file run.cif (mmCIF, C-alpha atoms (C1' of nucleotides))
data_data
#
loop_
_atom_site.label_atom_id
_atom_site.label_comp_id
_atom_site.auth_asym_id
_atom_site.auth_seq_id
_atom_site.Cartn_x
_atom_site.Cartn_y
_atom_site.Cartn_z
CA MET A 1 -79.89 155.94 -77.37
CA PRO A 2 -82.61 153.85 -78.20
CA GLU A 3 -81.43 150.44 -79.26
CA LEU A 4 -83.27 147.81 -81.28
CA PRO A 5 -86.02 146.99 -78.74
CA GLU A 6 -86.86 150.66 -78.18
CA VAL A 7 -86.91 151.38 -81.91
CA GLU A 8 -89.07 148.32 -82.50
CA THR A 9 -91.51 149.51 -79.83
CA VAL A 10 -91.67 152.95 -81.42
CA CYS A 11 -92.24 151.35 -84.84
CA ARG A 12 -95.20 149.40 -83.56
CA GLY A 13 -96.72 152.54 -82.11
CA LEU A 14 -96.19 154.39 -85.36
CA ALA A 15 -97.61 151.54 -87.41
CA ARG A 16 -100.83 151.63 -85.43
CA ALA A 17 -101.09 155.39 -85.83
CA LEU A 18 -99.99 155.85 -89.43
CA GLU A 19 -100.50 152.79 -91.60
CA GLY A 20 -103.20 153.43 -94.18
CA ARG A 21 -103.55 157.09 -93.24
CA ARG A 22 -102.98 160.07 -95.48
CA ILE A 23 -100.57 162.78 -94.36
CA SER A 24 -102.51 166.01 -94.15
CA ARG A 25 -99.84 168.28 -92.74
CA ALA A 26 -96.08 168.21 -92.38
CA GLU A 27 -93.85 170.82 -90.87
CA ALA A 28 -90.09 170.97 -90.41
CA ARG A 29 -89.56 173.39 -87.55
CA ARG A 30 -85.85 173.06 -86.96
CA PRO A 31 -83.94 171.67 -89.95
CA ASP A 32 -80.40 171.83 -88.54
CA LEU A 33 -80.17 168.35 -87.08
CA ARG A 34 -76.84 166.53 -87.25
CA LEU A 35 -77.90 165.59 -90.78
CA PRO A 36 -79.95 168.56 -91.99
CA LEU A 37 -83.55 167.77 -92.85
CA PRO A 38 -84.31 167.65 -96.59
CA PRO A 39 -85.43 171.15 -97.57
CA ASP A 40 -88.45 169.73 -99.39
CA LEU A 41 -89.40 167.31 -96.59
CA ALA A 42 -92.83 168.79 -95.91
CA GLU A 43 -93.91 169.14 -99.52
CA ARG A 44 -92.85 165.60 -100.33
CA LEU A 45 -94.88 164.20 -97.44
CA VAL A 46 -98.13 166.11 -97.62
CA GLY A 47 -100.82 164.24 -99.51
CA ARG A 48 -99.02 160.88 -99.37
CA ARG A 49 -100.69 157.83 -97.95
CA VAL A 50 -98.62 155.73 -95.54
CA GLY A 51 -98.14 152.08 -96.36
CA ARG A 52 -96.10 149.87 -94.06
CA VAL A 53 -94.00 151.08 -91.14
CA GLY A 54 -90.90 148.94 -90.76
CA ARG A 55 -87.48 148.83 -89.16
CA ARG A 56 -83.93 148.02 -90.23
CA ALA A 57 -81.38 148.05 -87.41
CA LYS A 58 -82.15 151.25 -85.49
CA TYR A 59 -83.73 152.96 -88.48
CA ILE A 60 -87.48 153.45 -88.77
CA LEU A 61 -88.84 153.14 -92.31
CA ILE A 62 -92.15 154.72 -93.24
CA PHE A 63 -93.18 153.61 -96.72
CA LEU A 64 -95.26 156.02 -98.80
CA ASP A 65 -97.66 155.43 -101.66
CA ASP A 66 -95.44 157.17 -104.22
CA GLY A 67 -92.49 154.80 -103.72
CA GLY A 68 -90.84 157.17 -101.27
CA VAL A 69 -89.60 156.19 -97.82
CA LEU A 70 -89.30 158.43 -94.81
CA ILE A 71 -86.30 157.24 -92.80
CA ALA A 72 -86.01 158.19 -89.14
CA HIS A 73 -83.26 157.52 -86.61
CA LEU A 74 -83.62 158.51 -82.97
CA GLY A 75 -79.94 159.00 -82.26
CA MET A 76 -79.38 159.11 -78.52
CA SER A 77 -82.30 161.21 -77.38
CA GLY A 78 -84.90 161.19 -80.16
CA ARG A 79 -88.56 160.47 -79.47
CA LEU A 80 -91.65 160.11 -81.60
CA TYR A 81 -94.88 161.02 -79.87
CA VAL A 82 -98.25 159.95 -81.19
CA MET A 83 -101.09 162.18 -80.03
CA ARG A 84 -104.69 161.24 -80.78
CA GLU A 85 -106.12 164.49 -79.52
CA ALA A 86 -105.18 168.12 -79.97
CA PRO A 87 -101.40 168.25 -79.41
CA PRO A 88 -99.80 170.76 -77.05
CA PRO A 89 -97.98 173.68 -78.64
CA PRO A 90 -94.67 172.41 -80.02
CA GLY A 91 -91.65 173.00 -77.81
CA PRO A 92 -88.10 173.93 -78.78
CA HIS A 93 -87.08 170.31 -79.34
CA ASP A 94 -90.04 169.29 -81.48
CA HIS A 95 -88.31 169.36 -84.85
CA VAL A 96 -90.82 167.73 -87.18
CA ILE A 97 -94.61 167.57 -87.02
CA LEU A 98 -96.74 165.16 -89.03
CA ALA A 99 -100.51 165.11 -88.98
CA VAL A 100 -102.72 162.50 -90.64
CA ASP A 101 -106.30 162.47 -91.85
CA ASP A 102 -107.92 161.05 -88.70
CA GLY A 103 -106.61 163.87 -86.53
CA THR A 104 -103.58 162.04 -85.14
CA THR A 105 -100.42 164.11 -84.77
CA VAL A 106 -96.84 162.85 -84.51
CA TYR A 107 -94.00 164.95 -83.07
CA PHE A 108 -90.38 164.09 -83.73
CA ASN A 109 -88.57 165.45 -80.69
CA ASP A 110 -84.83 165.34 -80.15
CA VAL A 111 -83.09 167.36 -77.46
CA ARG A 112 -79.58 166.54 -78.58
CA ARG A 113 -80.28 166.59 -82.32
CA PHE A 114 -78.24 163.46 -83.03
CA GLY A 115 -81.28 161.90 -84.65
CA LEU A 116 -82.23 162.27 -88.29
CA MET A 117 -85.03 162.19 -90.79
CA ALA A 118 -84.27 161.58 -94.46
CA LEU A 119 -86.12 160.69 -97.63
CA ALA A 120 -85.27 158.00 -100.14
CA THR A 121 -87.08 155.86 -102.63
CA GLU A 122 -87.82 152.22 -101.95
CA ALA A 123 -85.57 151.28 -104.86
CA GLU A 124 -82.65 153.15 -103.32
CA LEU A 125 -82.79 151.41 -99.94
CA PRO A 126 -80.56 148.38 -100.56
CA GLY A 127 -77.67 150.50 -101.80
CA HIS A 128 -78.31 153.43 -99.48
CA ALA A 129 -75.38 154.63 -97.38
CA PHE A 130 -77.35 154.05 -94.18
CA PHE A 131 -77.94 150.39 -94.92
CA ARG A 132 -75.28 149.16 -97.31
CA GLU A 133 -72.87 147.89 -94.70
CA LEU A 134 -75.22 146.83 -91.95
CA GLY A 135 -74.86 143.33 -90.57
CA PRO A 136 -77.76 140.90 -90.14
CA GLU A 137 -80.87 141.58 -88.11
CA PRO A 138 -80.31 139.72 -84.85
CA LEU A 139 -83.93 138.55 -84.73
CA GLY A 140 -83.90 137.47 -88.37
CA ASN A 141 -83.67 133.90 -89.63
CA ASP A 142 -80.11 134.27 -90.90
CA PHE A 143 -78.63 135.22 -87.54
CA ASN A 144 -77.24 132.30 -85.56
CA GLY A 145 -74.03 130.95 -84.05
CA PRO A 146 -72.22 130.17 -87.30
CA ALA A 147 -73.15 133.53 -88.84
CA LEU A 148 -71.93 135.39 -85.76
CA ALA A 149 -68.76 133.32 -85.61
CA ALA A 150 -68.01 134.17 -89.24
CA ALA A 151 -68.48 137.89 -88.59
CA LEU A 152 -66.14 137.78 -85.59
CA LYS A 153 -63.44 135.69 -87.24
CA GLY A 154 -60.07 137.38 -87.28
CA ARG A 155 -61.14 140.39 -85.28
CA MET A 156 -58.63 141.39 -82.64
CA THR A 157 -60.93 143.89 -80.94
CA PRO A 158 -62.70 143.00 -77.67
CA ILE A 159 -66.02 141.25 -78.16
CA LYS A 160 -67.79 144.19 -76.51
CA ALA A 161 -66.56 146.60 -79.20
CA ALA A 162 -67.26 144.12 -82.00
CA LEU A 163 -70.90 143.76 -80.96
CA LEU A 164 -71.36 147.53 -80.98
CA ASP A 165 -70.13 147.54 -84.59
CA GLN A 166 -73.29 147.61 -86.69
CA LYS A 167 -71.49 145.72 -89.47
CA VAL A 168 -71.21 142.63 -87.25
CA VAL A 169 -74.81 142.58 -86.13
CA ALA A 170 -77.30 145.42 -86.56
CA GLY A 171 -79.24 147.11 -83.81
CA LEU A 172 -77.32 146.47 -80.60
CA GLY A 173 -76.14 149.32 -78.39
CA ASN A 174 -74.31 149.60 -75.11
CA ILE A 175 -77.06 148.26 -72.85
CA TYR A 176 -78.02 145.12 -74.74
CA VAL A 177 -74.43 144.25 -75.55
CA CYS A 178 -73.65 144.24 -71.82
CA GLU A 179 -76.74 142.19 -71.05
CA ALA A 180 -76.17 139.67 -73.85
CA LEU A 181 -72.54 139.08 -72.84
CA PHE A 182 -73.65 138.52 -69.28
CA ARG A 183 -76.25 135.96 -70.34
CA ALA A 184 -73.72 134.20 -72.51
CA GLY A 185 -71.15 134.10 -69.70
CA LEU A 186 -68.56 135.81 -71.88
CA SER A 187 -66.16 138.48 -70.70
CA PRO A 188 -66.53 141.76 -72.57
CA ARG A 189 -62.71 141.90 -72.72
CA ARG A 190 -62.35 138.63 -74.59
CA LYS A 191 -60.92 138.88 -78.07
CA ALA A 192 -63.76 138.81 -80.60
CA ALA A 193 -62.05 136.20 -82.78
CA SER A 194 -62.05 133.77 -79.86
CA VAL A 195 -65.84 133.64 -79.88
CA GLN A 196 -66.39 130.67 -82.15
CA GLY A 197 -68.30 127.40 -82.10
CA ARG A 198 -70.33 126.83 -78.94
CA ARG A 199 -69.48 130.24 -77.52
CA ALA A 200 -70.75 131.96 -80.64
CA GLU A 201 -73.89 129.86 -80.56
CA ARG A 202 -74.48 130.76 -76.94
CA LEU A 203 -73.90 134.44 -77.61
CA ALA A 204 -76.19 134.53 -80.64
CA GLN A 205 -78.96 132.94 -78.63
CA ALA A 206 -78.34 135.29 -75.69
CA ILE A 207 -78.64 138.29 -78.02
CA ARG A 208 -81.90 137.04 -79.48
CA GLN A 209 -83.31 136.19 -76.08
CA VAL A 210 -82.53 139.51 -74.41
CA LEU A 211 -83.87 141.48 -77.39
CA ARG A 212 -87.10 139.49 -77.47
CA GLU A 213 -87.66 139.94 -73.76
CA ALA A 214 -86.94 143.66 -73.98
CA ILE A 215 -89.38 144.13 -76.86
CA ALA A 216 -92.03 142.29 -74.88
CA ALA A 217 -91.43 144.77 -72.04
CA GLY A 218 -91.77 147.79 -74.31
CA GLY A 219 -88.04 148.51 -74.21
CA SER A 220 -85.96 150.06 -71.47
CA SER A 221 -86.68 153.54 -70.18
CA LEU A 222 -83.57 155.45 -69.23
CA ARG A 223 -83.81 159.21 -69.11
CA ASP A 224 -85.21 160.04 -72.52
CA TYR A 225 -86.90 156.97 -73.86
CA VAL A 226 -90.66 156.65 -73.82
CA GLN A 227 -93.02 154.76 -76.09
CA THR A 228 -95.05 156.64 -78.69
CA ASN A 229 -97.99 156.77 -76.29
CA GLY A 230 -95.86 158.40 -73.61
CA GLU A 231 -95.67 155.29 -71.46
CA LEU A 232 -92.39 154.03 -70.11
CA GLY A 233 -90.86 150.73 -71.13
CA TYR A 234 -89.99 148.60 -68.12
CA PHE A 235 -87.14 146.36 -69.23
CA GLN A 236 -84.69 148.49 -67.19
CA HIS A 237 -85.96 146.62 -64.14
CA HIS A 238 -84.68 143.39 -65.70
CA TRP A 239 -81.13 144.50 -66.31
CA ALA A 240 -78.72 142.05 -64.73
CA VAL A 241 -75.57 144.15 -65.01
CA TYR A 242 -76.13 147.38 -66.94
CA GLY A 243 -76.03 150.40 -64.61
CA ARG A 244 -75.56 148.13 -61.58
CA GLU A 245 -71.95 148.74 -60.61
CA GLY A 246 -71.25 147.29 -57.16
CA ALA A 247 -74.47 145.27 -57.01
CA PRO A 248 -74.23 141.53 -56.32
CA CYS A 249 -74.05 139.47 -59.48
CA PRO A 250 -77.46 137.83 -60.04
CA THR A 251 -75.75 134.56 -60.96
CA CYS A 252 -73.00 134.09 -58.43
CA ALA A 253 -74.30 136.04 -55.43
CA GLY A 254 -76.25 132.94 -54.42
CA ASN A 255 -73.55 130.30 -54.87
CA GLY A 256 -71.12 131.64 -52.31
CA ARG A 257 -68.71 133.30 -54.71
CA GLY A 258 -70.28 136.67 -54.06
CA GLY A 259 -69.24 138.32 -57.30
CA ALA A 260 -70.13 141.96 -57.77
CA VAL A 261 -70.92 143.83 -60.94
CA ARG A 262 -67.95 145.85 -62.17
CA ARG A 263 -67.79 148.87 -64.42
CA ILE A 264 -64.91 149.35 -66.81
CA VAL A 265 -64.46 151.70 -69.77
CA GLN A 266 -63.91 150.22 -73.22
CA SER A 267 -63.44 152.48 -76.22
CA GLY A 268 -64.85 155.33 -74.21
CA ARG A 269 -68.08 153.60 -73.18
CA SER A 270 -69.07 152.04 -69.87
CA THR A 271 -69.12 148.27 -69.75
CA PHE A 272 -70.80 146.41 -66.89
CA TYR A 273 -70.03 142.76 -66.18
CA CYS A 274 -69.29 140.11 -63.59
CA ALA A 275 -65.64 139.11 -63.69
CA SER A 276 -66.42 135.93 -61.83
CA CYS A 277 -68.97 134.35 -64.14
CA GLN A 278 -68.09 135.99 -67.45
CA ARG A 279 -64.97 134.42 -68.92
"C1'" DC B 280 -57.83 146.87 -92.83
"C1'" DT B 281 -58.21 147.76 -87.78
"C1'" DA B 282 -58.52 150.27 -83.54
"C1'" DC B 283 -58.91 154.19 -80.90
"C1'" DC B 284 -60.44 158.88 -80.13
"C1'" DA B 285 -62.92 163.05 -80.52
"C1'" DT B 286 -67.02 165.13 -81.85
"C1'" DC B 287 -71.79 166.55 -82.78
"C1'" DC B 288 -75.59 168.83 -78.68
"C1'" DT B 289 -78.21 169.46 -74.48
"C1'" DG B 290 -79.78 168.42 -69.94
"C1'" DG B 291 -79.74 165.74 -65.72
"C1'" DT B 292 -76.98 164.21 -61.90
"C1'" DT B 293 -73.19 164.34 -58.79
"C1'" DG B 294 -69.87 166.29 -55.88
"C1'" DC B 295 -67.55 170.09 -53.72
"C1'" DT C 296 -78.06 176.58 -52.60
"C1'" DG C 297 -74.72 177.38 -56.43
"C1'" DC C 298 -71.87 176.00 -59.71
"C1'" DA C 299 -68.81 173.17 -62.35
"C1'" DA C 300 -67.57 168.76 -63.88
"C1'" DC C 301 -69.08 164.70 -65.59
"C1'" DC C 302 -72.06 161.54 -67.85
"C1'" DA C 303 -75.51 159.68 -71.31
"C1'" DG C 304 -78.89 154.94 -75.43
"C1'" DG C 305 -75.25 156.51 -81.53
"C1'" DA C 306 -72.65 157.10 -85.61
"C1'" DT C 307 -68.87 158.78 -88.14
"C1'" DG C 308 -64.66 160.63 -89.73
"C1'" DG C 309 -59.88 161.31 -88.81
"C1'" DT C 310 -55.55 159.51 -87.29
"C1'" DA C 311 -52.13 156.15 -86.13
#

call {"tool": "encode", "arguments": {"input": "run.cif", "output": "C-alpha cells"}}
result
Amino acid sequence: MPELPEVETVCRGLARALEGRRISRAEARRPDLRLPLPPDLAERLVGRRVGRVGRRAKYILIFLDDGGVLIAHLGMSGRLYVMREAPPPPGPHDHVILAVDDGTTVYFNDVRRFGLMALATEAELPGHAFFRELGPEPLGNDFNGPALAAALKGRMTPIKAALLDQKVVAGLGNIYVCEALFRAGLSPRRKAASVQGRRAERLAQAIRQVLREAIAAGGSSLRDYVQTNGELGYFQHHWAVYGREGAPCPTCAGNGRGGAVRRIVQSGRSTFYCASCQR
DNA sequence: CTACCATCCTGGTTGC
DNA sequence: TGCAACCAGGATGGTA
C-alpha cells in the first residue's frame, strides 16, 4: 500500500511522537500477521528509550537504547496512529499497542495483515534479509541517471515491472511508478534495458521529483492511508494518470492530440499511462 | 538468472 | 435492496 512518500510521512509523525521517549507499555494483541510477531515483542520493548526513527525503502526503523531496532512495514493496508490523549478501545485490527512516558499511545492497525513488525539489532541491519538486496534510496545522493541505467542494463522486462522491483530502486510502488513514467515521457511497456543515457537521467529525475512533491503533500490518501495524526494526505489530487482511466491526458489534451489516459494490466497490476506522449 | 503467476487477508465498490 | 464478483498501495515463493 503505502509507498515511500506515505511511509516517510508516517515516519515523521512517529519521530515527533516517540524520539527520546521511554516505552511504558507494549501489547501484542494479534500476533498472527503474515510474518508472526516476535513472541517476546512486548517484553523487549517495555522500558526501552526510543532513539531515532528512520526509514529504509518502505520499512520504518525505530532505534532503541539497547541496540535493538523495531522494524515495521505497513504492507498494503497498515496504519500507525499516534494518539496524544486517551485512546479509544482497541478494535479488531489494532494488532500492536505502544505507549510512551508522556501519555502518547501508538496503535499499529492492519486490516489485511500483510504488514509486519519485527525486532533486530542495529548490527544485524545491513545483512538482514529485509534489506540485503534492496536497491538505492531514490532520494539519496547515489541515485541518478547512470546508477539507474546500470540497474536496468540487460533487463528484458518492461520498465514498469523493473521499477516495482525493490532491487532496482527501493520504495516505489504502483502509483509512483505510473506517475514517474508519465513525467519522464516513457511508455510503461518499453523494455527496461532500453532506458539508458538521457532517458535514464530523465526517469531518475522524474522519480525524485514526484516523490519529493508527494512527501510535501503528506502522501496520497487512497482508501486506507492516513497520516499518524489521522489527517489525509492530498497528493492523490495531483495524480496525472494513476486511477484516471479515460481522462484527458494532462500533457496532450491541450495541444490538439487529445490523448486519453489508458489502463492496461502488466504482471497482474494496473498500469495507467498516455500512449500518445509516453514512448 | 529472469519472468510470470498465485497467494496471503479483508473490506469497499461495482454491476446485475 | 441483495448479493456476488471484482479490485486494492506489497512482497515472496514456486514454476517454467

call {"tool": "resolve_selection", "arguments": {"input": "run.cif", "expression": "the PyMOL selection byres ((chain C and resi 298) around 12)", "output": "PyMOL selection string"}}
result
(chain B and resi 293-295) or (chain C and resi 296-297+299-300)

call {"tool": "interface_residues", "arguments": {"input": "run.cif", "of": "chain B", "to": "chain A", "cutoff": "10 Å", "atoms": "all atoms listed in the file", "output": "number ranges by chain"}}
result
B: 281-284, 287-291

call {"tool": "axis_aligned_box", "arguments": {"input": "run.cif", "around": "chain C", "padding_each_side": "8 Å", "output": "JSON"}}
result
{"center_x": -65.5, "center_y": 166.2, "center_z": -71.2, "size_x": 42.8, "size_y": 38.4, "size_z": 53.1}

call {"tool": "resolve_selection", "arguments": {"input": "run.cif", "expression": "the PyMOL selection byres ((chain A) within 7 of (chain C))", "output": "MDAnalysis selection string"}}
result
chainID A and resid 1:3 75:76 173

call {"tool": "resolve_selection", "arguments": {"input": "run.cif", "expression": "the PyMOL selection byres ((chain A and resi 71) around 8)", "output": "PyMOL selection string"}}
result
chain A and resi 59-62+69-70+72-73+116-120

call {"tool": "atom_distance", "arguments": {"input": "run.cif", "atom1": "atom CA of Glu213 of chain A", "atom2": "atom CA of Leu134 of chain A"}}
result
23.1 Å

call {"tool": "atom_distance", "arguments": {"input": "run.cif", "atom1": "atom CA of Ala247 of chain A", "atom2": "atom CA of Ser221 of chain A"}}
result
19.8 Å

call {"tool": "closest_residue", "arguments": {"input": "run.cif", "among": "A:Gly154, A:Gly68, A:Ser220, A:Asp165", "to": "Glu133 of chain A", "atoms": "all atoms listed in the file"}}
result
A:Asp165

call {"tool": "residues_around", "arguments": {"input": "run.cif", "residues": "Gln205 of chain A", "least_positions_apart": "6", "cutoff": "10 Å", "atoms": "only C-alpha atoms (C1' of nucleotides)", "output": "list of chain:residue names"}}
result
A:Pro138, A:Leu139, A:Phe143, A:Asn144, A:Gly145, A:Ala180, A:Arg183, A:Ala184, A:Arg199, A:Leu211

call {"tool": "atom_distance", "arguments": {"input": "run.cif", "atom1": "atom CA of Ala151 of chain A", "atom2": "atom CA of Cys277 of chain A"}}
result
24.7 Å
